file target_22.txt (compact mmCIF, C-alpha atoms)
# COMPACT_ATOMS: atom_id res chain seq x y z
CA MET A 67 57.87 45.68 -66.48
CA LYS A 68 58.26 44.90 -70.18
CA ASN A 69 60.23 42.21 -71.92
CA ASN A 70 61.31 41.58 -75.46
CA LEU A 71 59.61 38.26 -75.95
CA SER A 72 58.15 37.75 -79.38
CA PHE A 73 55.11 35.60 -79.87
CA PRO A 74 54.26 33.50 -82.90
CA GLN A 75 51.39 34.81 -84.97
CA THR A 76 48.12 33.53 -83.58
CA PRO A 77 46.18 31.33 -85.98
CA SER A 78 42.67 32.61 -86.57
CA VAL A 79 41.07 29.22 -87.14
CA LEU A 80 40.07 26.86 -84.40
CA ASP A 81 42.06 23.61 -84.47
CA TYR A 82 39.67 20.87 -85.59
CA PRO A 83 41.67 17.72 -84.69
CA SER A 84 42.13 18.75 -81.06
CA ALA A 85 38.47 19.76 -80.74
CA ALA A 86 37.29 16.45 -82.22
CA GLN A 87 39.64 14.51 -79.97
CA ALA A 88 38.46 16.36 -76.86
CA ILE A 89 34.79 15.81 -77.65
CA ALA A 90 35.39 12.14 -78.48
CA ASP A 91 37.18 11.67 -75.17
CA TYR A 92 34.26 13.31 -73.36
CA LEU A 93 31.77 11.04 -75.12
CA LEU A 94 33.85 8.01 -74.24
CA GLN A 95 33.81 8.94 -70.56
CA ILE A 96 30.14 9.82 -70.16
CA ASN A 97 28.87 6.84 -72.15
CA HIS A 98 30.96 4.26 -70.32
CA GLY A 99 28.61 1.79 -68.66
CA ALA A 100 25.63 4.12 -68.59
CA TYR A 101 24.93 7.53 -70.07
CA ARG A 102 25.93 10.18 -67.52
CA PRO A 103 26.33 13.63 -69.09
CA ASP A 104 28.62 15.83 -67.04
CA ARG A 105 27.56 19.47 -66.89
CA ARG A 106 30.89 20.51 -65.37
CA ARG A 107 32.95 19.60 -68.42
CA VAL A 108 33.96 22.30 -70.87
CA LEU A 109 35.78 22.58 -74.17
CA SER A 110 38.64 24.96 -73.48
CA VAL A 111 40.33 26.79 -76.36
CA ARG A 112 43.79 28.30 -76.09
CA LYS A 113 44.44 31.61 -77.76
CA THR A 114 48.04 30.98 -78.77
CA ASP A 115 47.44 28.04 -81.11
CA ARG A 116 43.62 27.74 -81.05
CA THR A 117 43.85 24.16 -79.86
CA ALA A 118 41.01 22.74 -77.78
CA SER A 119 41.10 20.51 -74.73
CA LEU A 120 38.72 19.01 -72.22
CA ARG A 121 38.59 20.19 -68.63
CA ASP A 122 36.23 21.03 -65.78
CA ALA A 123 34.65 24.46 -65.61
CA ALA A 124 36.60 26.76 -63.34
CA LEU A 125 37.61 30.36 -63.00
CA PRO A 126 38.88 31.78 -66.28
CA ALA A 127 42.54 31.33 -67.16
CA ARG A 128 44.54 33.89 -69.09
CA GLY A 129 44.61 33.26 -72.82
CA GLU A 130 41.79 30.73 -72.74
CA VAL A 131 38.07 30.69 -73.33
CA PHE A 132 35.75 27.79 -72.66
CA TYR A 133 32.33 26.51 -73.60
CA PHE A 134 30.12 24.13 -71.63
CA ILE A 135 29.73 20.97 -73.65
CA GLU A 136 26.26 20.14 -72.38
CA GLY A 137 23.76 22.82 -73.21
CA GLU A 138 26.05 25.53 -74.53
CA LEU A 139 27.87 23.70 -77.33
CA PHE A 140 25.26 21.01 -77.84
CA SER A 141 21.93 22.37 -76.77
CA GLU A 142 19.64 19.41 -77.38
CA MET A 143 19.00 16.85 -74.66
CA ASP A 144 20.78 13.53 -75.22
CA ALA A 145 22.88 14.94 -78.04
CA THR A 146 25.95 13.42 -76.44
CA ARG A 147 24.44 9.95 -75.94
CA LEU A 148 26.11 7.38 -78.20
CA ARG A 149 23.72 5.56 -80.50
CA GLU A 150 23.83 1.77 -80.84
CA GLY A 151 27.14 0.75 -82.39
CA GLU A 152 28.32 4.34 -82.77
CA SER A 153 31.93 5.16 -81.88
CA PRO A 154 32.83 8.24 -79.81
CA GLN A 155 34.93 9.51 -82.70
CA ALA A 156 32.09 9.23 -85.20
CA ARG A 157 29.64 10.88 -82.83
CA ALA A 158 32.12 13.65 -82.01
CA GLU A 159 32.62 14.44 -85.68
CA LYS A 160 28.89 14.45 -86.31
CA LEU A 161 28.27 16.77 -83.37
CA LEU A 162 31.12 19.09 -84.29
CA HIS A 163 29.95 19.22 -87.88
CA GLY A 164 26.68 20.70 -86.65
CA VAL A 165 28.28 23.48 -84.61
CA TRP A 166 31.66 23.99 -86.23
CA GLU A 167 30.86 27.15 -88.14
CA GLN A 168 29.17 28.63 -85.10
CA LEU A 169 32.06 27.64 -82.83
CA GLN A 170 34.54 29.28 -85.19
CA VAL A 171 32.57 32.51 -84.96
CA TRP A 172 32.24 32.28 -81.17
CA SER A 173 35.94 31.76 -80.61
CA ALA A 174 36.89 34.38 -83.18
CA TYR A 175 34.85 36.99 -81.30
CA ASP A 176 36.08 35.82 -77.93
CA PHE A 177 39.67 36.30 -79.07
CA ALA A 178 39.08 39.46 -81.12
CA ARG A 179 40.97 42.42 -79.73
CA SER A 180 38.31 44.95 -80.67
CA THR A 181 34.56 44.89 -81.08
CA SER A 182 34.71 45.90 -84.74
CA GLY A 183 34.07 42.40 -86.02
CA MET A 184 35.48 38.94 -85.62
CA ASN A 185 38.30 39.56 -88.09
CA ALA A 186 39.17 42.97 -86.74
CA PRO A 187 42.85 43.43 -85.89
CA MET B 195 26.33 24.73 -62.97
CA THR B 196 25.27 26.96 -65.84
CA GLY B 197 25.32 24.23 -68.47
CA TYR B 198 21.88 23.25 -67.31
CA ALA B 199 20.49 26.64 -68.15
CA TYR B 200 20.90 26.04 -71.86
CA LEU B 201 19.48 22.59 -72.34
CA ILE B 202 16.69 22.27 -74.86
CA ASP B 203 14.57 19.17 -75.13
CA PRO B 204 13.50 18.86 -78.80
CA ALA B 205 10.68 16.52 -77.82
CA ALA B 206 9.11 19.23 -75.73
CA SER B 207 8.53 21.56 -78.74
CA PRO B 208 7.72 24.52 -76.53
CA PRO B 209 5.07 26.94 -77.73
CA LYS B 210 5.96 30.60 -78.13
CA GLU B 211 5.46 31.40 -74.50
CA THR B 212 4.61 34.82 -73.24
CA LEU B 213 7.75 36.02 -71.56
CA ASN B 214 8.09 39.29 -69.76
CA LEU B 215 11.02 41.47 -68.85
CA GLU B 216 10.97 40.34 -65.23
CA GLN B 217 11.50 36.70 -66.22
CA ILE B 218 14.26 37.61 -68.66
CA SER B 219 15.94 39.87 -66.12
CA ALA B 220 15.79 37.13 -63.48
CA PHE B 221 17.51 34.74 -65.88
CA ALA B 222 20.20 37.29 -66.74
CA ARG B 223 20.83 38.21 -63.11
CA GLN B 224 21.18 34.57 -62.11
CA PHE B 225 23.46 33.86 -65.05
CA VAL B 226 25.73 36.81 -64.29
CA ALA B 227 25.88 35.78 -60.63
CA GLN B 228 26.64 32.11 -61.29
CA ASP B 229 28.59 31.65 -64.51
CA PRO B 230 32.28 31.16 -63.63
CA ARG B 231 33.37 33.19 -66.63
CA ASN B 232 32.24 36.40 -64.98
CA ALA B 233 35.62 36.80 -63.29
CA LEU B 234 39.01 38.30 -63.97
CA PRO B 235 41.63 35.69 -64.83
CA GLU B 236 44.15 37.57 -62.68
CA GLY B 237 44.60 38.15 -58.98
CA LYS B 238 41.85 36.96 -56.67
CA HIS B 239 39.47 36.58 -59.62
CA PRO B 240 36.91 39.21 -58.62
CA HIS B 241 33.62 39.31 -60.47
CA ILE B 242 33.75 41.63 -63.45
CA TRP B 243 30.08 42.51 -63.64
CA GLU B 244 27.38 43.27 -61.14
CA ALA B 245 23.70 42.51 -61.81
CA PRO B 246 22.64 43.75 -65.25
CA LEU B 247 19.96 46.27 -66.10
CA LEU B 248 17.65 45.12 -68.91
CA GLY B 249 15.14 46.74 -71.22
CA VAL B 250 13.07 45.83 -74.27
CA ALA B 251 12.46 47.78 -77.47
CA ALA B 252 9.86 46.97 -80.07
CA ALA B 253 11.62 45.84 -83.24
CA ARG B 254 9.38 48.21 -85.20
CA ASP B 255 10.22 51.21 -83.07
CA PRO B 256 10.73 54.01 -85.62
CA LEU B 257 13.90 55.09 -83.85
CA PHE B 258 15.68 52.05 -85.34
CA ALA B 259 15.06 53.36 -88.85
CA GLY B 260 16.54 56.67 -87.77
CA LEU B 261 19.84 55.00 -86.93
CA LYS B 262 20.55 54.65 -90.65
CA THR B 263 20.77 58.42 -90.92
CA PRO B 264 24.33 59.70 -91.52
CA GLY B 265 25.55 61.34 -88.35
CA VAL B 266 23.38 59.16 -86.12
CA VAL B 267 25.03 55.85 -86.99
CA GLY B 268 24.76 55.70 -90.78
CA PRO B 269 23.50 53.61 -93.69
CA ILE B 270 25.66 50.69 -92.56
CA HIS B 271 23.35 50.17 -89.58
CA ARG B 272 20.85 47.33 -89.98
CA SER B 273 17.36 47.24 -88.58
CA PRO B 274 16.15 44.41 -86.30
CA GLU B 275 14.12 43.03 -89.23
CA GLU B 276 17.25 42.91 -91.39
CA TRP B 277 19.05 40.87 -88.75
CA LEU B 278 16.14 38.55 -88.04
CA PRO B 279 13.16 38.38 -90.40
CA GLY B 280 10.03 38.45 -88.29
CA ALA B 281 11.79 40.27 -85.45
CA LYS B 282 9.43 41.55 -82.79
CA SER B 283 11.61 42.65 -79.89
CA VAL B 284 15.11 43.77 -78.99
CA ILE B 285 16.36 42.85 -75.54
CA SER B 286 19.17 45.07 -74.38
CA TRP B 287 21.25 45.07 -71.22
CA PHE B 288 23.79 47.14 -69.37
CA LEU B 289 26.44 45.29 -67.35
CA PRO B 290 27.87 47.52 -64.61
CA TYR B 291 31.48 47.01 -63.57
CA ASN B 292 32.01 45.53 -60.14
CA LYS B 293 32.75 48.22 -57.56
CA GLU B 294 36.13 46.66 -56.83
CA ILE B 295 37.20 47.09 -60.45
CA ARG B 296 35.90 50.65 -60.59
CA ALA B 297 37.73 51.48 -57.37
CA SER B 298 40.98 50.10 -58.75
CA TYR B 299 41.21 52.90 -61.31
CA PRO B 300 43.99 55.28 -60.28
CA LYS B 301 42.95 58.86 -59.61
CA LYS B 302 46.03 60.66 -60.79
CA SER B 303 47.50 58.46 -63.50
CA SER B 304 46.91 58.85 -67.22
CA LEU B 305 46.72 55.07 -67.40
CA PRO B 306 44.06 52.65 -66.15
CA SER B 307 44.56 49.84 -63.66
CA LEU B 308 45.30 46.26 -64.71
CA ALA B 309 41.94 45.21 -63.28
CA TRP B 310 40.18 47.76 -65.46
CA VAL B 311 41.83 46.80 -68.76
CA SER B 312 41.42 43.11 -67.95
CA GLY B 313 37.78 43.72 -67.06
CA ARG B 314 37.25 45.53 -70.32
CA ARG B 315 38.72 42.65 -72.35
CA ASN B 316 37.54 39.64 -70.38
CA GLY B 317 34.28 41.35 -69.52
CA GLU B 318 33.47 41.62 -73.22
CA ILE B 319 34.16 37.90 -73.56
CA PHE B 320 31.62 37.35 -70.80
CA ASN B 321 29.24 39.71 -72.59
CA ASN B 322 29.51 37.32 -75.55
CA VAL B 323 28.74 34.43 -73.20
CA LEU B 324 25.65 36.25 -71.98
CA ARG B 325 24.55 37.01 -75.55
CA ARG B 326 24.74 33.30 -76.39
CA ALA B 327 23.02 32.27 -73.17
CA MET B 328 20.21 34.73 -73.84
CA ILE B 329 19.74 33.28 -77.32
CA ARG B 330 19.48 29.78 -75.84
CA PHE B 331 17.07 31.02 -73.17
CA LEU B 332 14.78 32.54 -75.78
CA GLU B 333 15.00 29.42 -77.96
CA LYS B 334 14.04 27.38 -74.92
CA HIS B 335 10.90 29.50 -74.75
CA GLY B 336 10.02 28.86 -78.37
CA GLY B 337 11.58 31.89 -79.99
CA GLU B 338 14.33 32.59 -82.46
CA ALA B 339 17.03 35.04 -81.56
CA VAL B 340 20.21 36.56 -82.90
CA ALA B 341 22.92 38.68 -81.29
CA PRO B 342 24.05 40.91 -84.18
CA SER B 343 27.37 41.85 -82.59
CA ILE B 344 28.63 38.26 -82.64
CA THR B 345 27.42 37.16 -86.06
CA ALA B 346 29.78 36.31 -88.90
CA GLN B 347 28.53 39.20 -91.02
CA TYR B 348 28.86 41.90 -88.37
CA ARG B 349 31.53 44.54 -88.75
CA ALA B 350 32.21 48.16 -88.00
CA VAL B 351 33.72 50.44 -90.60
CA ASN B 352 35.42 53.64 -89.46
CA MET B 353 33.86 53.07 -86.05
CA LEU B 354 30.37 52.92 -87.56
CA PRO B 355 28.79 49.58 -86.62
CA MET B 356 26.23 47.46 -88.39
CA TRP B 357 24.51 47.25 -85.02
CA SER B 358 24.94 49.85 -82.31
CA GLU B 359 24.57 48.36 -78.85
CA ARG B 360 24.40 51.80 -77.27
CA HIS B 361 21.67 53.09 -79.54
CA ALA B 362 19.67 49.87 -79.14
CA ALA B 363 19.94 50.30 -75.37
CA PHE B 364 18.78 53.91 -75.66
CA ILE B 365 15.72 52.77 -77.60
CA ALA B 366 15.11 49.97 -75.07
CA GLY B 367 14.82 52.46 -72.22
CA ILE B 368 18.15 51.60 -70.59
CA GLY B 369 19.48 55.14 -70.49
CA SER B 370 20.47 58.26 -72.39
CA PHE B 371 23.87 59.35 -73.67
CA GLY B 372 26.53 61.33 -71.88
CA ILE B 373 28.87 63.67 -73.70
CA HIS B 374 31.58 61.08 -73.07
CA GLY B 375 29.72 58.82 -75.49
CA ALA B 376 28.69 56.17 -72.99
CA LEU B 377 25.14 55.55 -71.93
CA ILE B 378 24.14 56.89 -68.52
CA THR B 379 21.80 54.47 -66.80
CA GLU B 380 20.31 54.12 -63.34
CA LYS B 381 23.38 51.96 -62.60
CA GLY B 382 25.72 54.57 -64.02
CA CYS B 383 27.87 54.66 -67.13
CA ALA B 384 30.77 52.35 -66.19
CA GLY B 385 29.87 49.16 -67.97
CA ARG B 386 29.29 47.40 -71.25
CA ILE B 387 26.17 46.86 -73.31
CA GLY B 388 24.79 43.86 -75.17
CA SER B 389 21.60 42.88 -76.93
CA VAL B 390 19.73 40.19 -78.80
CA ILE B 391 16.90 40.43 -81.33
CA THR B 392 14.06 37.95 -81.06
CA ASP B 393 10.81 37.06 -82.79
CA LEU B 394 9.10 36.81 -79.41
CA GLU B 395 6.64 39.61 -78.68
CA LEU B 396 7.65 41.36 -75.47
CA PRO B 397 6.19 44.50 -73.93
CA PRO B 398 8.56 47.40 -74.65
CA THR B 399 10.15 49.17 -71.71
CA PRO B 400 8.96 52.78 -71.38
CA ARG B 401 11.68 55.32 -72.07
CA LEU B 402 11.85 57.64 -69.10
CA TYR B 403 13.63 60.31 -71.16
CA ARG B 404 12.91 62.25 -74.30
CA GLU B 405 16.27 63.70 -75.25
CA ILE B 406 19.50 62.05 -76.39
CA TYR B 407 21.53 63.63 -73.56
CA GLU B 408 18.78 63.92 -70.97
CA TYR B 409 20.72 62.29 -68.12
CA CYS B 410 23.87 64.31 -68.83
CA PRO B 411 23.60 67.83 -67.38
CA TYR B 412 26.27 69.42 -69.57
CA PRO B 413 24.53 69.88 -72.96
CA SER B 414 21.41 71.56 -71.60
CA LEU B 415 22.63 73.23 -68.41
CA GLY B 416 26.35 73.59 -68.90
CA LYS B 417 26.80 71.93 -65.52
CA CYS B 418 29.13 69.09 -64.52
CA GLY B 419 31.36 68.43 -67.53
CA ALA B 420 33.63 66.46 -65.19
CA CYS B 421 34.59 64.07 -67.98
CA ILE B 422 36.04 66.93 -70.06
CA PRO B 423 39.14 67.64 -67.94
CA ARG B 424 39.37 63.99 -66.90
CA CYS B 425 40.13 62.77 -70.43
CA PRO B 426 43.93 62.43 -70.60
CA VAL B 427 44.03 63.36 -74.30
CA HIS B 428 41.38 66.11 -74.30
CA ALA B 429 39.06 64.19 -76.60
CA ILE B 430 35.79 65.43 -75.03
CA GLY B 431 34.40 68.93 -75.17
CA PRO B 432 32.14 71.42 -76.93
CA GLU B 433 34.83 72.14 -79.51
CA PHE B 434 34.08 68.77 -81.11
CA GLY B 435 30.56 69.75 -82.19
CA GLU B 436 27.34 67.91 -81.62
CA ASN B 437 29.04 64.57 -80.98
CA TRP B 438 31.12 66.11 -78.20
CA ARG B 439 34.04 63.75 -78.85
CA ASP B 440 37.12 63.32 -80.99
CA ASN B 441 36.82 59.57 -81.51
CA PRO B 442 40.14 58.97 -83.34
CA ARG B 443 42.04 60.68 -80.53
CA CYS B 444 40.24 58.50 -78.00
CA ILE B 445 41.00 55.35 -79.97
CA ILE B 446 44.69 56.17 -80.30
CA GLN B 447 44.96 56.66 -76.54
CA GLY B 448 43.23 53.37 -75.75
CA ARG B 449 44.73 51.22 -78.47
CA ASP B 450 48.25 52.60 -78.80
CA VAL B 451 49.18 54.32 -75.53
CA VAL B 452 47.34 52.10 -73.05
CA GLY B 453 47.81 49.09 -75.32
CA ASP B 454 51.57 49.65 -75.42
CA PHE B 455 51.76 49.94 -71.64
CA PHE B 456 49.81 46.69 -71.14
CA ARG B 457 51.33 44.91 -74.14
CA ASP B 458 52.66 41.98 -72.14
CA TRP B 459 49.24 41.46 -70.61
CA GLY B 460 47.51 41.65 -73.98
CA TYR B 461 45.14 44.39 -72.89
CA HIS B 462 44.26 47.88 -74.05
CA SER B 463 41.52 50.51 -73.74
CA CYS B 464 41.27 53.61 -71.62
CA GLY B 465 38.46 54.22 -69.13
CA HIS B 466 39.04 57.68 -67.72
CA CYS B 467 35.67 58.96 -68.94
CA LEU B 468 33.87 56.09 -67.20
CA THR B 469 35.49 56.42 -63.79
CA LEU B 470 35.65 58.91 -60.90
CA LEU B 471 32.73 60.94 -62.27
CA PRO B 472 29.28 61.82 -60.87
CA CYS B 473 27.60 59.55 -63.43
CA VAL B 474 29.76 56.47 -62.82
CA ASP B 475 27.19 54.54 -60.81
CA ARG B 476 24.03 56.66 -61.00
CA ILE B 477 22.08 59.22 -62.95
CA PRO B 478 23.33 62.64 -61.89
CA MET B 479 21.03 65.59 -61.45
CA LYS B 480 17.94 63.61 -60.58
CA LYS B 481 15.82 66.75 -60.37
CA ARG B 482 15.96 67.07 -64.13
CA LEU B 483 14.35 63.74 -64.79
CA CYS B 484 10.96 63.32 -66.33
CA PRO B 485 8.20 63.11 -63.67
CA ARG B 486 7.39 59.59 -64.90
CA SER B 487 10.81 58.50 -63.73
CA PRO B 488 11.01 56.46 -60.54
CA HIS B 489 14.42 58.10 -60.03
CA ALA B 490 12.93 61.56 -59.64
CA PRO B 491 10.67 61.62 -56.59
CA GLU B 492 11.55 65.24 -55.98
CA CYS B 493 10.91 66.28 -59.56
CA SER B 494 9.06 69.60 -59.75
CA HIS B 495 7.81 69.36 -63.36

call {"tool": "encode", "arguments": {"input": "target_22.txt", "output": "structure tokens"}}
result
Amino acid sequence: MKNNLSFPQTPSVLDYPSAAQAIADYLLQINHGAYRPDRRRVLSVRKTDRTASLRDAALPARGEVFYFIEGELFSEMDATRLREGESPQARAEKLLHGVWEQLQVWSAYDFARSTSGMNAP
Amino acid sequence: MTGYAYLIDPAASPPKETLNLEQISAFARQFVAQDPRNALPEGKHPHIWEAPLLGVAAARDPLFAGLKTPGVVGPIHRSPEEWLPGAKSVISWFLPYNKEIRASYPKKSSLPSLAWVSGRRNGEIFNNVLRRAMIRFLEKHGGEAVAPSITAQYRAVNMLPMWSERHAAFIAGIGSFGIHGALITEKGCAGRIGSVITDLELPPTPRLYREIYEYCPYPSLGKCGACIPRCPVHAIGPEFGENWRDNPRCIIQGRDVVGDFFRDWGYHSCGHCLTLLPCVDRIPMKKRLCPRSPHAPECSH
């Protein structure tokens, strides 16, 4: 069954503010009281607007891809531990700065329709 | 949860450990079995891939240089050393489709099932996940690694890729080609292929074949050829010369015809030549195999 819905053009660039906000929120939660990294939490990216959000790992959802925050996005131990006096926002931006280019490439390939390259139509 | 599998402790500074294919295969099998992304997003979320088949090629294998030859892949193809200076090994894998997805393919339709087209699309996303996990795994063991097919510089021009997953798999002993263009492996041809290049020295996997089409009985014996009439747009056959395929015709069917039918789902890609054939989940004609092959106990060579 087909319909005549039209979809807005999908942006090709991952949305930085939402990714930074999601990571900062994760850091806030796992550093509250004591440092407790949560291996279940993932950064989920939506295809339609390339915005990112925080959620638990689960079965894949249509139009979304996700990346484990601990280990997959940030591979070094204790990377997500807040340093003395450091805010979650500052740490999130520092962490994202280190992986941003890579994350752009990952998500571009994960949303690419063909295997001819990340910018292939 | 798979997040643990990636963690690297910088304080540990691991030496370049001696890995072997068995250890790498065990990691890949466990990852494929446990990562939640190996599932269709629709229906009852069946697994997309069964346990992978892995092989290793030496980065200096002369066959890689041959891939730059026009008509093989072409000058656009890069060698392992060009992707990763100091490259020693290429780890390649074949991910076989889950039986449930293969069985969903309709026998008499010119179109694939929803499960198939979703598996093709979402399965390649998981293949990317596995590529990245394999890189982390090798880094954890002191190596450097790159997956050419998901680097920023990778591209394919006129269907000629800068890195051919199928040819790398051929060199890594995974399988030989069928006239349908897919690789025929001991787990069949219905699947996808991935690889990473690493500077870790790994023992190469012996190739149990000598010819490009050794596991496909049609080129040498004229037997089988089941994929020829199965193609809904007649894009496979001897009339297409030594490559056996009319690639543009195949692309148009997958991208435009199937893609139009599944437009609302966002999927495309045909799979007729990978389903309902003797080579779907095995190597056909085992008697032809090289006597070194464990698949050919009755070989009379």

call {"tool": "interface_residues", "arguments": {"input": "target_22.txt", "of": "chain A", "to": "chain B", "cutoff": "6 Å", "atoms": "all atoms listed in the file", "output": "ChimeraX atom specification"}}
result
/A:105,125-128,134,136-138,141-143,176,182-183

call {"tool": "atom_distance", "arguments": {"input": "target_22.txt", "atom1": "atom CA of B:Asp255", "atom2": "atom CA of B:Asn437"}}
result
23.2 Å

call {"tool": "residues_near_point", "arguments": {"input": "target_22.txt", "point": "(39.5, 22.4, -75.4)", "cutoff": "12 Å", "atoms": "only C-alpha atoms", "output": "short mmCIF file (atom, residue, chain, number, x, y, z; two decimals) with C-alpha atoms, in the frame of the given file"}}
result
data_model
loop_
_atom_site.label_atom_id
_atom_site.label_comp_id
_atom_site.auth_asym_id
_atom_site.auth_seq_id
_atom_site.Cartn_x
_atom_site.Cartn_y
_atom_site.Cartn_z
CA LEU A 80 40.07 26.86 -84.40
CA ASP A 81 42.06 23.61 -84.47
CA TYR A 82 39.67 20.87 -85.59
CA PRO A 83 41.67 17.72 -84.69
CA SER A 84 42.13 18.75 -81.06
CA ALA A 85 38.47 19.76 -80.74
CA ALA A 86 37.29 16.45 -82.22
CA GLN A 87 39.64 14.51 -79.97
CA ALA A 88 38.46 16.36 -76.86
CA ILE A 89 34.79 15.81 -77.65
CA ALA A 90 35.39 12.14 -78.48
CA ASP A 91 37.18 11.67 -75.17
CA TYR A 92 34.26 13.31 -73.36
CA ARG A 107 32.95 19.60 -68.42
CA VAL A 108 33.96 22.30 -70.87
CA LEU A 109 35.78 22.58 -74.17
CA SER A 110 38.64 24.96 -73.48
CA VAL A 111 40.33 26.79 -76.36
CA ARG A 112 43.79 28.30 -76.09
CA LYS A 113 44.44 31.61 -77.76
CA ASP A 115 47.44 28.04 -81.11
CA ARG A 116 43.62 27.74 -81.05
CA THR A 117 43.85 24.16 -79.86
CA ALA A 118 41.01 22.74 -77.78
CA SER A 119 41.10 20.51 -74.73
CA LEU A 120 38.72 19.01 -72.22
CA ARG A 121 38.59 20.19 -68.63
CA ASP A 122 36.23 21.03 -65.78
CA ALA A 123 34.65 24.46 -65.61
CA GLU A 130 41.79 30.73 -72.74
CA VAL A 131 38.07 30.69 -73.33
CA PHE A 132 35.75 27.79 -72.66
CA TYR A 133 32.33 26.51 -73.60
CA PHE A 134 30.12 24.13 -71.63
CA ILE A 135 29.73 20.97 -73.65
CA LEU A 139 27.87 23.70 -77.33
CA LEU A 169 32.06 27.64 -82.83
CA SER A 173 35.94 31.76 -80.61
#

call {"tool": "atom_distance", "arguments": {"input": "target_22.txt", "atom1": "atom CA of B:Tyr291", "atom2": "atom CA of B:Pro274"}}
result
27.5 Å

call {"tool": "atom_distance", "arguments": {"input": "target_22.txt", "atom1": "atom CA of B:Pro398", "atom2": "atom CA of B:Ser286"}}
result
10.9 Å

call {"tool": "closest_residue", "arguments": {"input": "target_22.txt", "among": "B:Gly385, B:Gly431, B:Gly313, B:Gly369", "to": "B:Tyr409", "atoms": "all atoms listed in the file"}}
result
B:Gly369

call {"tool": "residues_around", "arguments": {"input": "target_22.txt", "residues": "B:Ile218", "least_positions_apart": "2", "cutoff": "9 Å", "atoms": "only C-alpha atoms", "output": "number ranges by chain"}}
result
B: 213-216, 220-223, 248, 285, 328, 331-332

call {"tool": "closest_residue", "arguments": {"input": "target_22.txt", "among": "B:Val451, B:Ala363, B:Ile430, B:Cys383", "to": "B:Pro478", "atoms": "all atoms listed in the file"}}
result
B:Cys383

call {"tool": "residues_near_point", "arguments": {"input": "target_22.txt", "point": "(21.2, 54.9, -64.8)", "cutoff": "8 Å", "atoms": "all atoms listed in the file", "output": "list in words"}}
result
Ile368, Gly369, Ile378, Thr379, Glu380, Lys381, Gly382, Cys383, Asp475, Arg476 and Ile477 of chain B

call {"tool": "write_last_selection", "arguments": {"input": "target_22.txt", "atoms": "C-alpha atoms", "output": "compact mmCIF listing (two decimals), in the frame of the given file"}}
result
# COMPACT_ATOMS: atom_id res chain seq x y z
CA ILE B 368 18.15 51.60 -70.59
CA GLY B 369 19.48 55.14 -70.49
CA ILE B 378 24.14 56.89 -68.52
CA THR B 379 21.80 54.47 -66.80
CA GLU B 380 20.31 54.12 -63.34
CA LYS B 381 23.38 51.96 -62.60
CA GLY B 382 25.72 54.57 -64.02
CA CYS B 383 27.87 54.66 -67.13
CA ASP B 475 27.19 54.54 -60.81
CA ARG B 476 24.03 56.66 -61.00
CA ILE B 477 22.08 59.22 -62.95

call {"tool": "closest_residue", "arguments": {"input": "target_22.txt", "among": "B:Arg424, B:Thr392, B:Tyr412, B:Glu405", "to": "B:Pro279", "atoms": "only C-alpha atoms"}}
result
B:Thr392
